[in-house]
Structure formats: C-alpha cells, structure tokens
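With compact mmCIF, C-alpha atoms inside, this is target-v7.txt:
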```txt
# COMPACT_ATOMS: atom_id res chain seq x y z
CA MET A 8 65.80 -13.62 -11.53
CA GLU A 9 66.12 -11.58 -14.73
CA ARG A 10 68.59 -14.17 -16.03
CA LEU A 11 66.12 -16.99 -15.26
CA ILE A 12 63.15 -15.41 -17.01
CA ARG A 13 65.30 -14.66 -20.07
CA LYS A 14 66.49 -18.27 -20.03
CA TYR A 15 62.97 -19.73 -20.14
CA ALA A 16 61.72 -17.22 -22.70
CA ALA A 17 64.60 -18.34 -24.92
CA LYS A 18 63.82 -22.02 -24.27
CA MET A 19 60.24 -21.49 -25.46
CA VAL A 20 61.44 -19.94 -28.70
CA ASN A 21 64.17 -22.52 -29.27
CA ALA A 22 61.67 -25.35 -28.75
CA GLY A 23 59.30 -23.87 -31.34
CA LEU A 24 56.63 -23.21 -28.72
CA ALA A 25 56.53 -19.43 -29.18
CA ASP A 26 57.69 -16.91 -31.74
CA SER A 27 60.61 -14.62 -30.95
CA GLY A 28 59.49 -11.75 -28.76
CA ALA A 29 56.17 -13.38 -27.84
CA PRO A 30 56.83 -14.75 -24.30
CA LEU A 31 56.05 -12.36 -21.47
CA ILE A 32 57.36 -13.65 -18.15
CA GLY A 33 57.25 -11.93 -14.80
CA ALA A 34 58.77 -13.13 -11.53
CA LEU A 35 59.11 -11.89 -7.98
CA ASP A 36 62.58 -11.13 -6.70
CA ALA A 37 62.98 -8.11 -4.45
CA ASP A 38 60.49 -6.57 -6.89
CA LEU A 39 58.35 -7.89 -9.71
CA VAL A 40 60.55 -8.06 -12.82
CA TRP A 41 59.59 -8.77 -16.44
CA ASN A 42 61.50 -9.84 -19.50
CA ARG A 43 59.82 -7.14 -21.62
CA ASP A 44 57.19 -4.40 -21.67
CA GLY A 45 53.95 -4.47 -23.61
CA PHE A 46 50.52 -6.06 -23.69
CA PRO A 47 49.13 -7.64 -21.51
CA ARG A 48 51.58 -6.78 -18.73
CA ASP A 49 49.10 -4.55 -16.87
CA ILE A 50 46.54 -7.38 -16.80
CA LEU A 51 49.11 -9.88 -15.56
CA GLU A 52 50.24 -7.54 -12.79
CA ASP A 53 46.62 -7.56 -11.55
CA VAL A 54 46.74 -11.38 -11.70
CA PHE A 55 49.83 -11.36 -9.48
CA GLU A 56 47.86 -9.38 -6.90
CA GLY A 57 45.17 -12.04 -6.79
CA LEU A 58 47.37 -15.14 -6.46
CA ASN A 59 50.10 -16.40 -4.13
CA ILE A 60 52.64 -17.15 -6.86
CA ASN A 61 56.28 -16.52 -7.73
CA SER A 62 56.07 -16.20 -11.52
CA LEU A 63 53.62 -15.76 -14.36
CA LEU A 64 54.00 -16.58 -18.06
CA PHE A 65 51.88 -15.42 -20.99
CA SER A 66 52.47 -16.16 -24.65
CA ARG A 67 50.69 -16.69 -27.91
CA PRO A 68 51.84 -20.16 -29.05
CA ALA A 69 53.73 -20.53 -32.29
CA GLU A 70 52.24 -22.59 -35.10
CA PRO A 71 51.09 -25.32 -35.28
CA TYR A 72 50.18 -25.13 -31.57
CA ARG A 73 48.33 -21.83 -32.04
CA SER A 74 45.83 -23.20 -34.55
CA ILE A 75 45.52 -26.53 -32.72
CA ILE A 76 44.77 -24.92 -29.35
CA ASP A 77 42.31 -22.39 -30.81
CA PHE A 78 40.53 -25.19 -32.69
CA LEU A 79 40.19 -27.35 -29.58
CA ALA A 80 39.08 -24.34 -27.52
CA SER A 81 36.36 -23.53 -30.06
CA ARG A 82 34.87 -26.99 -29.47
CA SER A 83 35.52 -27.18 -25.74
CA GLU A 84 32.53 -25.64 -23.94
CA GLY A 85 34.94 -24.17 -21.40
CA VAL A 86 37.40 -26.99 -20.76
CA ILE A 87 39.70 -29.18 -22.86
CA THR A 88 40.29 -32.68 -21.51
CA PRO A 89 43.25 -34.47 -23.11
CA GLU A 90 43.81 -38.10 -22.11
CA ASP A 91 47.58 -38.41 -22.34
CA CYS A 92 49.65 -39.27 -19.28
CA GLU A 93 51.07 -35.77 -18.75
CA THR A 94 47.59 -34.28 -18.52
CA ARG A 95 46.27 -37.04 -16.26
CA THR A 96 49.28 -36.73 -13.93
CA PHE A 97 50.02 -32.99 -13.83
CA LEU A 98 47.27 -30.92 -15.45
CA HIS A 99 43.97 -32.86 -15.10
CA ASP A 100 42.19 -30.58 -17.60
CA LEU A 101 42.75 -27.29 -19.40
CA PRO A 102 40.31 -24.45 -18.59
CA VAL A 103 39.32 -22.05 -21.37
CA ALA A 104 38.57 -18.42 -20.45
CA GLU A 105 36.21 -16.20 -22.41
CA SER A 106 38.59 -13.25 -22.48
CA LEU A 107 41.94 -11.94 -21.34
CA HIS A 108 40.54 -10.50 -18.12
CA ALA A 109 42.34 -10.60 -14.76
CA GLY A 110 39.32 -11.92 -12.86
CA SER A 111 38.75 -14.79 -15.30
CA ILE A 112 42.43 -15.71 -15.26
CA ILE A 113 42.63 -15.65 -11.46
CA ARG A 114 39.58 -17.89 -11.10
CA ALA A 115 41.03 -20.43 -13.52
CA LEU A 116 44.53 -20.40 -11.99
CA LYS A 117 43.15 -20.96 -8.50
CA ARG A 118 41.87 -24.30 -9.80
CA ARG A 119 44.42 -25.35 -12.41
CA LYS A 120 48.03 -24.65 -13.50
CA CYS A 121 47.05 -22.92 -16.74
CA VAL A 122 44.31 -21.12 -18.59
CA ILE A 123 43.77 -20.88 -22.35
CA VAL A 124 42.45 -17.61 -23.76
CA PRO A 125 41.33 -18.32 -27.35
CA ARG A 126 43.04 -16.19 -30.01
CA GLU A 127 45.14 -14.55 -27.28
CA GLY A 128 47.42 -17.11 -25.66
CA LEU A 129 48.21 -19.29 -22.65
CA VAL A 130 48.77 -18.16 -19.07
CA THR A 131 50.69 -20.38 -16.64
CA PHE A 132 52.39 -19.80 -13.29
CA GLY A 133 55.06 -21.02 -10.90
CA THR A 134 54.91 -21.00 -7.13
CA VAL A 135 58.68 -21.32 -6.61
CA THR A 136 60.47 -20.67 -9.90
CA PRO A 137 59.74 -19.57 -13.52
CA GLU A 138 60.75 -23.09 -14.60
CA GLN A 139 57.37 -24.37 -13.36
CA ALA A 140 55.52 -21.93 -15.60
CA PHE A 141 57.66 -22.97 -18.57
CA VAL A 142 57.05 -26.68 -17.94
CA THR A 143 53.28 -26.17 -17.71
CA TYR A 144 53.22 -24.10 -20.91
CA SER A 145 55.20 -26.77 -22.74
CA SER A 146 52.98 -29.54 -21.38
CA VAL A 147 49.81 -27.75 -22.54
CA CYS A 148 51.20 -27.44 -26.07
CA PHE A 149 52.20 -31.12 -26.07
CA SER A 150 48.87 -32.35 -24.65
CA CYS A 151 46.80 -30.32 -27.10
CA PHE A 152 48.93 -31.53 -30.02
CA VAL A 153 48.38 -35.15 -28.98
CA LYS A 154 44.64 -34.65 -28.39
CA PHE A 155 44.16 -32.92 -31.74
CA PHE A 156 45.64 -35.76 -33.75
CA ALA A 157 44.20 -38.53 -31.57
CA ASP A 158 40.71 -37.03 -31.91
CA LEU A 159 41.19 -36.67 -35.66
CA LEU A 160 42.19 -40.33 -36.13
CA THR A 161 39.13 -41.37 -34.14
CA ALA A 162 36.87 -39.11 -36.23
CA LEU A 163 38.28 -40.46 -39.49
CA ARG A 164 37.34 -44.02 -38.54
CA ARG A 165 33.70 -42.95 -38.23
CA ARG A 166 33.10 -40.48 -41.07
CA PRO A 167 34.80 -38.59 -43.90
CA MET A 168 36.89 -35.56 -43.00
CA ASP A 169 34.74 -32.47 -42.60
CA ARG A 170 35.58 -28.97 -43.78
CA GLU A 171 36.49 -27.66 -40.30
CA TRP A 172 39.18 -30.29 -39.80
CA GLU A 173 40.53 -29.80 -43.31
CA ASN A 174 40.73 -26.01 -42.90
CA VAL A 175 42.77 -26.22 -39.72
CA LEU A 176 44.97 -28.98 -41.14
CA ASN A 177 45.90 -26.69 -44.02
CA THR A 178 47.65 -24.52 -41.42
CA VAL A 179 48.82 -27.26 -39.06
CA LEU A 180 50.48 -29.69 -41.46
CA PRO A 181 52.91 -27.23 -43.12
CA ASN A 182 53.97 -26.03 -39.66
CA LEU A 183 54.61 -29.35 -37.95
CA PRO A 184 57.83 -29.68 -35.94
CA ALA A 185 60.63 -30.93 -38.14
CA VAL A 186 61.15 -34.63 -38.65
CA PRO A 187 63.83 -35.73 -36.15
CA GLY A 188 67.23 -35.68 -37.83
CA ALA A 189 69.87 -38.35 -37.98
CA ALA A 190 70.95 -39.86 -34.69
CA PRO A 191 74.08 -38.17 -33.35
CA ALA A 192 77.18 -40.20 -32.68
CA LEU A 193 77.11 -40.55 -28.90
CA THR A 194 80.12 -41.56 -26.83
CA PRO A 195 80.78 -45.27 -27.41
CA GLY A 196 81.06 -47.75 -24.56
CA PRO A 197 82.15 -49.56 -22.58
CA PHE A 198 82.50 -46.83 -19.94
CA GLU A 199 85.52 -47.13 -17.67
CA SER A 200 84.47 -44.94 -14.74
CA GLU A 201 81.52 -43.44 -12.90
CA GLU A 202 82.49 -40.06 -14.30
CA ALA A 203 82.31 -41.44 -17.86
CA VAL A 204 78.86 -42.90 -17.13
CA ARG A 205 77.60 -39.56 -15.85
CA ARG A 206 78.97 -37.74 -18.91
CA ALA A 207 77.25 -40.26 -21.20
CA LEU A 208 73.92 -39.76 -19.41
CA CYS A 209 74.19 -35.98 -19.78
CA GLU A 210 75.13 -36.27 -23.45
CA ALA A 211 72.24 -38.60 -24.33
CA GLY A 212 69.79 -36.49 -22.31
CA ARG A 213 70.74 -33.31 -24.19
CA ALA A 214 70.43 -35.12 -27.53
CA THR A 215 66.95 -36.39 -26.61
CA VAL A 216 65.73 -32.86 -25.88
CA ARG A 217 67.47 -31.39 -28.93
CA GLN A 218 65.75 -33.89 -31.24
CA GLY A 219 62.31 -33.06 -29.81
CA LEU A 220 61.78 -36.55 -28.38
CA VAL A 221 60.40 -35.30 -25.06
CA ASP A 222 57.67 -32.98 -23.82
CA SER A 223 59.48 -29.98 -22.28
CA TYR A 224 62.32 -31.98 -20.71
CA PHE A 225 60.22 -34.87 -19.35
CA GLY A 226 61.56 -38.37 -19.74
CA ASN A 227 64.22 -40.33 -17.93
CA ILE A 228 67.46 -42.11 -18.62
CA SER A 229 69.65 -44.62 -16.80
CA TYR A 230 72.77 -46.74 -17.12
CA LEU A 231 73.87 -49.82 -15.15
CA TRP A 232 77.55 -49.83 -14.19
CA ASN A 233 79.24 -51.98 -11.52
CA ASP A 234 75.85 -53.10 -10.10
CA VAL A 235 74.80 -49.48 -9.61
CA LEU A 236 71.99 -47.92 -11.66
CA TYR A 237 72.76 -44.29 -12.48
CA ILE A 238 69.42 -42.62 -13.21
CA SER A 239 68.06 -39.12 -13.77
CA GLN A 240 66.32 -37.54 -10.79
CA THR A 241 62.58 -36.98 -10.72
CA GLY A 242 61.88 -33.58 -12.25
CA GLY A 243 65.41 -33.35 -13.62
CA SER A 244 65.81 -31.58 -16.96
CA LEU A 245 67.17 -34.09 -19.46
CA ASP A 246 69.24 -31.32 -21.03
CA GLU A 247 70.67 -30.21 -17.66
CA LEU A 248 71.49 -33.45 -15.82
CA GLU A 249 74.94 -32.57 -14.50
CA ASP A 250 73.73 -32.31 -10.89
CA CYS A 251 70.59 -34.42 -11.26
CA ILE A 252 71.78 -38.05 -11.47
CA ASP A 253 71.26 -40.51 -8.61
CA SER A 254 73.30 -43.67 -8.04
CA CYS A 255 71.09 -46.55 -6.89
CA PRO A 256 72.86 -49.82 -5.98
CA LEU A 257 70.99 -52.93 -7.11
CA ASP A 258 71.24 -54.36 -3.59
CA GLY A 259 69.21 -51.44 -2.19
CA SER A 260 72.00 -50.33 0.13
CA SER A 261 71.39 -46.63 -0.57
CA CYS A 262 68.40 -44.34 -0.13
CA ALA A 263 69.32 -42.33 -3.25
CA GLY A 264 66.23 -43.77 -4.93
CA LEU A 265 64.10 -41.38 -2.87
CA THR A 266 64.92 -38.58 -5.32
CA ALA A 267 65.36 -40.74 -8.42
CA SER A 268 62.94 -40.82 -11.35
CA SER A 269 59.44 -41.97 -10.49
CA GLU A 270 60.07 -44.80 -12.97
CA LEU A 271 63.09 -46.14 -11.07
CA THR A 272 61.28 -49.42 -10.36
CA ALA A 273 60.68 -50.01 -14.08
CA HIS A 274 64.34 -49.29 -14.88
CA LEU A 275 65.51 -51.67 -12.15
CA ARG A 276 63.30 -54.46 -13.42
CA ILE A 277 64.49 -53.94 -17.01
CA VAL A 278 68.19 -54.22 -16.11
CA ARG A 279 67.55 -57.23 -13.87
CA ASP A 280 65.41 -59.12 -16.38
CA THR A 281 67.23 -58.31 -19.65
CA GLU A 282 70.73 -57.76 -21.02
CA ALA A 283 70.12 -54.01 -21.15
CA ARG A 284 72.52 -51.59 -19.51
CA ALA A 285 71.32 -48.34 -21.11
CA ILE A 286 67.66 -47.27 -20.88
CA LEU A 287 66.15 -44.25 -22.58
CA HIS A 288 62.57 -43.07 -22.07
CA GLY A 289 61.14 -40.21 -24.12
CA HIS A 290 57.74 -38.76 -24.94
CA PRO A 291 57.80 -38.40 -28.75
CA ARG A 292 54.53 -36.92 -30.00
CA PHE A 293 53.42 -39.30 -32.73
CA SER A 294 54.31 -42.42 -30.76
CA VAL A 295 52.03 -41.16 -27.99
CA ILE A 296 49.29 -40.34 -30.50
CA LEU A 297 49.30 -43.80 -32.10
CA SER A 298 49.41 -45.50 -28.70
CA MET A 299 45.97 -43.98 -28.07
CA ASP A 300 44.55 -45.00 -31.46
CA CYS A 301 42.21 -47.85 -30.55
CA ARG A 302 39.83 -49.30 -33.12
CA LYS A 303 37.64 -51.05 -30.53
CA GLU A 304 34.55 -48.85 -30.25
CA GLU A 305 32.75 -50.69 -27.48
CA CYS A 306 34.94 -51.67 -24.55
CA GLU A 307 34.33 -52.16 -20.84
CA PHE A 308 37.69 -50.56 -20.10
CA ARG A 309 36.91 -47.31 -21.97
CA GLY A 310 38.14 -44.45 -19.77
CA SER A 311 40.71 -46.60 -18.00
CA CYS A 312 42.54 -47.74 -21.15
CA HIS A 313 45.79 -46.22 -19.93
CA ILE A 314 46.02 -48.63 -16.99
CA ARG A 315 43.77 -51.61 -17.73
CA CYS A 316 43.65 -52.25 -21.49
CA PRO A 317 43.85 -56.05 -21.96
CA GLU A 318 44.25 -55.97 -25.75
CA ARG A 319 47.51 -57.01 -27.36
CA ARG A 320 48.33 -54.12 -29.70
CA LEU A 321 51.28 -53.29 -31.93
CA VAL A 322 52.38 -50.14 -33.75
CA ARG A 323 54.23 -51.85 -36.59
CA ASP A 324 56.40 -54.26 -34.56
CA ILE A 325 56.38 -52.24 -31.30
CA PRO A 326 54.13 -53.42 -28.44
CA VAL A 327 51.71 -50.94 -26.86
CA VAL A 328 51.04 -51.60 -23.18
CA PRO A 329 49.03 -49.88 -20.44
CA GLY A 330 50.63 -48.69 -17.24
CA GLU A 331 50.67 -45.67 -14.96
CA VAL A 332 53.65 -43.90 -13.42
CA GLY A 333 54.82 -45.43 -10.16
CA THR A 334 54.65 -48.81 -8.46
CA GLY A 335 50.94 -49.40 -7.93
CA PRO A 336 49.04 -52.47 -9.13
CA PHE A 337 48.70 -50.92 -12.60
CA GLY A 338 52.22 -49.48 -12.69
CA LEU A 339 54.15 -49.56 -15.93
CA CYS A 340 56.92 -51.31 -13.97
CA HIS A 341 54.74 -54.44 -14.37
CA THR A 342 53.93 -54.02 -18.08
CA ALA A 343 56.82 -52.32 -19.90
CA PRO A 344 59.78 -54.53 -18.84
CA PRO A 345 58.31 -57.87 -20.03
CA ALA A 346 57.11 -56.30 -23.28
CA LEU A 347 60.64 -55.13 -24.09
CA LYS A 348 61.94 -58.69 -24.37
CA GLY A 349 62.51 -59.47 -28.03
CA HIS A 350 61.42 -56.02 -29.24
CA ARG A 351 63.20 -52.81 -30.25
CA GLY A 352 61.16 -50.83 -27.76
CA VAL A 353 57.79 -50.52 -26.06
CA ILE A 354 55.20 -47.73 -26.11
CA VAL A 355 53.24 -47.08 -22.91
CA TYR A 356 49.67 -45.96 -23.65
CA GLY A 357 49.42 -42.17 -23.73
CA HIS A 358 52.84 -41.84 -22.17
CA GLY A 359 55.93 -42.52 -24.26
CA VAL A 360 58.57 -44.93 -25.47
CA PHE A 361 61.19 -47.05 -23.67
CA THR A 362 64.21 -48.29 -25.59
CA THR A 363 67.34 -50.07 -24.41
CA SER A 364 70.78 -51.19 -25.49
CA ALA A 365 73.40 -53.49 -24.05
CA GLY A 366 76.43 -51.21 -24.46
CA ASP A 367 76.15 -47.43 -24.72
CA PHE A 368 73.25 -45.13 -25.65
CA ASN A 369 73.71 -45.19 -29.42
CA GLU A 370 71.40 -48.12 -30.14
CA ALA A 371 68.75 -47.01 -27.63
CA PHE A 372 68.74 -43.50 -29.13
CA GLY A 373 68.56 -44.81 -32.69
CA ARG A 374 65.64 -47.04 -31.79
CA LEU A 375 63.75 -44.16 -30.18
CA LEU A 376 64.25 -42.06 -33.32
CA ASP A 377 63.21 -44.89 -35.65
CA ILE A 378 60.03 -45.61 -33.68
CA GLU A 379 58.97 -41.95 -33.69
CA ARG A 380 59.69 -41.54 -37.41
CA ALA A 381 57.61 -44.64 -38.20
CA CYS A 382 54.71 -43.42 -36.04
CA ARG A 383 54.81 -39.98 -37.68
CA GLU A 384 54.80 -41.54 -41.14
CA ASP A 385 51.85 -43.83 -40.31
CA CYS A 386 49.80 -41.12 -38.62
CA LEU A 387 50.24 -38.44 -41.27
CA GLY A 388 49.84 -40.95 -44.10
CA ARG A 389 46.40 -41.93 -42.81
CA ILE A 390 45.36 -38.30 -42.44
CA ARG A 391 46.53 -37.18 -45.88
CA ALA A 392 44.72 -40.12 -47.48
CA HIS A 393 41.44 -38.55 -46.27
CA MET A 394 42.15 -35.01 -47.46
CA ARG A 395 40.67 -33.76 -50.69
```
Starting from the file, lay out its structure as structure tokens.
Amino acid sequence: MERLIRKYAAKMVNAGLADSGAPLIGALDADLVWNRDGFPRDILEDVFEGLNINSLLFSRPAEPYRSIIDFLASRSEGVITPEDCETRTFLHDLPVAESLHAGSIIRALKRRKCVIVPREGLVTFGTVTPEQAFVTYSSVCFSCFVKFFADLLTALRRRPMDREWENVLNTVLPNLPAVPGAAPALTPGPFESEEAVRRALCEAGRATVRQGLVDSYFGNISYLWNDVLYISQTGGSLDELEDCIDSCPLDGSSCAGLTASSELTAHLRIVRDTEARAILHGHPRFSVILSMDCRKEECEFRGSCHIRCPERRLVRDIPVVPGEVGTGPFGLCHTAPPALKGHRGVIVYGHGVFTTSAGDFNEAFGRLLDIERACREDCLGRIRAHMR
C-alpha cells in the first residue's frame, strides 16, 4: 500500500496537478498508512473515522488549477457545476466547503466524490484503491479548467472583460500546461502479429498521456487486425495498458466486449464504415473548451446541448457533434462515426476528440496533436484580444 500511495502522489506531481511535497495520501492496509506527516493529517484521520472508505487524498493544486479553482469557488455559492462530460458522468457537481473541518468534509463526501476547500485544497477518496482518489482529483482539476475558460468565452461575447477575470488571468496564463510537443515517432505499421498490435496500443497510449492529451488517463484506443478489434478496457489507464486490452472479433463471437471501453460500439462502427484501422480518443483541454463555445444565446436545447444539439458546428475544419457515452438513442456511436468521414477528426461536445488512421497510430496521433494546438491557439487568441 505504501508503494501505491507513493506512486499516485508522484503521478500528481508529474502531471502538473500538485507541487512536489503537496499531496497527502492515506490508505488502509493492515493499518492506516500515509505518504508523509504534516497538516492536515489529524483532520483527515477524523474523516476516515466518519466514512467507509479505503483511501483519502488531500492536496493544494498547483497553478494554474489553484487560482482557477479558488476563483470558481468564490463565485459558487457552495457548489460548482461544470458541464463537461467527465463531470456529468462521474462527478455530477463539485461541493465547496467553508473550511477544512472534518464534519464539513464528511458531509460533502457522503454525497459526492470530492470536496473543494477554498484556499486550502481538494479532498477526494477511494473505496477500493488510492487510484480512485487520484482519478477524482485529476478530473476535478480538468473540469474546473474547462469550466473556467468556457465561462470566460461566454462572458466575453456579452461584455468587456472585467477586472476580476483579468486579475486571475494574470496568474493563470503564465502557468498554463505546456503546449504539446512534437509528435513522437511511433512504431510504423503494418503490424505482423497480435503481440505487435498490443505493443503499438501500449506505446500510443503512453504517448497520449505523456503529451497531456487526456484527463488523468481517460480516453480509449483501438486497432483492427485480422477482423479483431483490439481495444483498451473500460477504466484502463492509457499509460498502463499491458494487461488492459480486450480482443473483440467483428463477428461478435466473443464476450470480451463486456469489459471493453464503454465506447466500443463507436469504435466498431468507425472501422466498419471507414478505412480506419487505428482509432485514438483523447480529452485535450482546449478542444473540449471550444466544443462548448456556442454563440446561440436562445436555444430550446439549452441544457441538453451535449446530447441533442442540432446545429452544424465546426472548430476550424473539425466537426463538433453531440453524443453521450454508451449506446443509447443519443450515443456518440451514432454521431461521431459519420462525422469522421472526410475529416481529420471529430470533437464530441464537452467530451473529447476522435482521430483515425489507416495504417499505424502515427497519423491519428499527429491529428490529435494538431487539433488541440489549433484549439489552444484560437481560444487564447480570443482571450488575449480582450485584455488591456
């Protein structure tokens, strides 16, 4: 257990979500163990007593997440409600506590997976493993980042930038995550064996996480070889896929799809309807932000944009489509595959980007990078044009 909590504390720092030494993680083994001493360990031990949990994580976020989360909390009236897919699916909303007090934290965590304590930090938990606490912490940082910039773009369409926004931007903009670097040279195809396919999936998954093109490790990846779709498992870490790849025959002769990505149906439709063999799906921040940037003020679908938006929208030359996770009537399996035809990729509203290639993962990865860079450039260009 000590090895696990050190692992996820290091992941937080490496991902730029917390400063070195900031994460405090406790987990139950034979006894309650922590990765370090110090404040507010005594408070968190009281929280453990009040909840049926396996692990607890507290950390002050690193910049720019720190200033973003505190800014949103200051305007929240007790709850922050992002509208991206990760929040809708996993978090619902983000409670804000008045202080770092065990009772307040326990009440919030009985209702939700996290609690934000302004100017102090985030508290999240896991019921089975510390990984759950890490994933929630990462998702909160991602969702608040997206909400901050999406709200700002909306505000700038209605009025000039006010002093509050400009003050926080003076801290946020210099501390943004680095622009994704050049695409790595991934193993070229064609692949000659199942083993080679699995290695290529693992390699592309690690590169996607390393370039910051996912939230935590969320996203999925697949490759079609010999009429079998090899796809990452639901909940599988894209940077640790070695034992988390399912093989799903196109003829449905296996039940492996039961543990495959929740977007298996979309992947199957893409490989059946197009020339694609490699599919990469990530959650790059600025692509998600611009997917939610709608200029239509009055709309009967407001509030259900993510599943029912009928407007044809583009971010540069990339289609933006609605669609929810899964196979329901509004599932992205119905919207993303047709939109990919004739385009470099497709952005699903509030969710992320799908790209494909016909050979190996090099073209799909390059397209994902290019789309995110373009979205970042467009978003930040519009914001800086409004700053004094």
Which polymer residues, protein or nucleic acid, are no farther than 12 Å from (54.2, -54.0, -14.2), counting all atoms listed in the file, as a compact mmCIF listing (two decimals) with C-alpha atoms, in the frame of the given file?
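Output saved as selection-v5.txt:
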```
# COMPACT_ATOMS: atom_id res chain seq x y z
CA GLU A 270 60.07 -44.80 -12.97
CA THR A 272 61.28 -49.42 -10.36
CA ALA A 273 60.68 -50.01 -14.08
CA HIS A 274 64.34 -49.29 -14.88
CA LEU A 275 65.51 -51.67 -12.15
CA ARG A 276 63.30 -54.46 -13.42
CA ILE A 277 64.49 -53.94 -17.01
CA ILE A 314 46.02 -48.63 -16.99
CA ARG A 315 43.77 -51.61 -17.73
CA VAL A 328 51.04 -51.60 -23.18
CA PRO A 329 49.03 -49.88 -20.44
CA GLY A 330 50.63 -48.69 -17.24
CA GLU A 331 50.67 -45.67 -14.96
CA VAL A 332 53.65 -43.90 -13.42
CA GLY A 333 54.82 -45.43 -10.16
CA THR A 334 54.65 -48.81 -8.46
CA GLY A 335 50.94 -49.40 -7.93
CA PRO A 336 49.04 -52.47 -9.13
CA PHE A 337 48.70 -50.92 -12.60
CA GLY A 338 52.22 -49.48 -12.69
CA LEU A 339 54.15 -49.56 -15.93
CA CYS A 340 56.92 -51.31 -13.97
CA HIS A 341 54.74 -54.44 -14.37
CA THR A 342 53.93 -54.02 -18.08
CA ALA A 343 56.82 -52.32 -19.90
CA PRO A 344 59.78 -54.53 -18.84
CA PRO A 345 58.31 -57.87 -20.03
CA ALA A 346 57.11 -56.30 -23.28
CA LEU A 347 60.64 -55.13 -24.09
CA VAL A 355 53.24 -47.08 -22.91
```
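Among the candidates A:Leu265, A:Ile87, A:Leu245, A:Ile238, the residue lying nearest to Val216 (chain A) is A:Leu245 (atoms considered: only C-alpha atoms).
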With only C-alpha atoms counted and 10 Å as the cut-off, give the residues of region 164-278 of chain A in contact with region 18-37 of chain A, each with its shortest interatomic distance in Å and the pair that gives it, as CSV.
```
residue,atom,partner,partner_atom,distance
A:Leu183,CA,A:Gly23,CA,9.8
A:Pro184,CA,A:Gly23,CA,7.6
A:Ala185,CA,A:Gly23,CA,9.9
A:Val216,CA,A:Ala22,CA,9.0
A:Arg217,CA,A:Ala22,CA,8.4
A:Gln218,CA,A:Ala22,CA,9.8
A:Gly219,CA,A:Ala22,CA,7.8
A:Asp222,CA,A:Ala22,CA,9.9
A:Ser223,CA,A:Ala22,CA,8.3
```
Query raised in the report: Could you pull the residues within 10 Å of Cys209 (chain A), counting all atoms listed in the file, minus those fewer than 4 positions along the same chain, as a PyMOL selection string?
Result: chain A and resi 203-205+213-215+228+239+244-252
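Taking CA of Ile123 (chain A) and CA of Gly85 (chain A) as endpoints, the distance between them is 9.5 Å.
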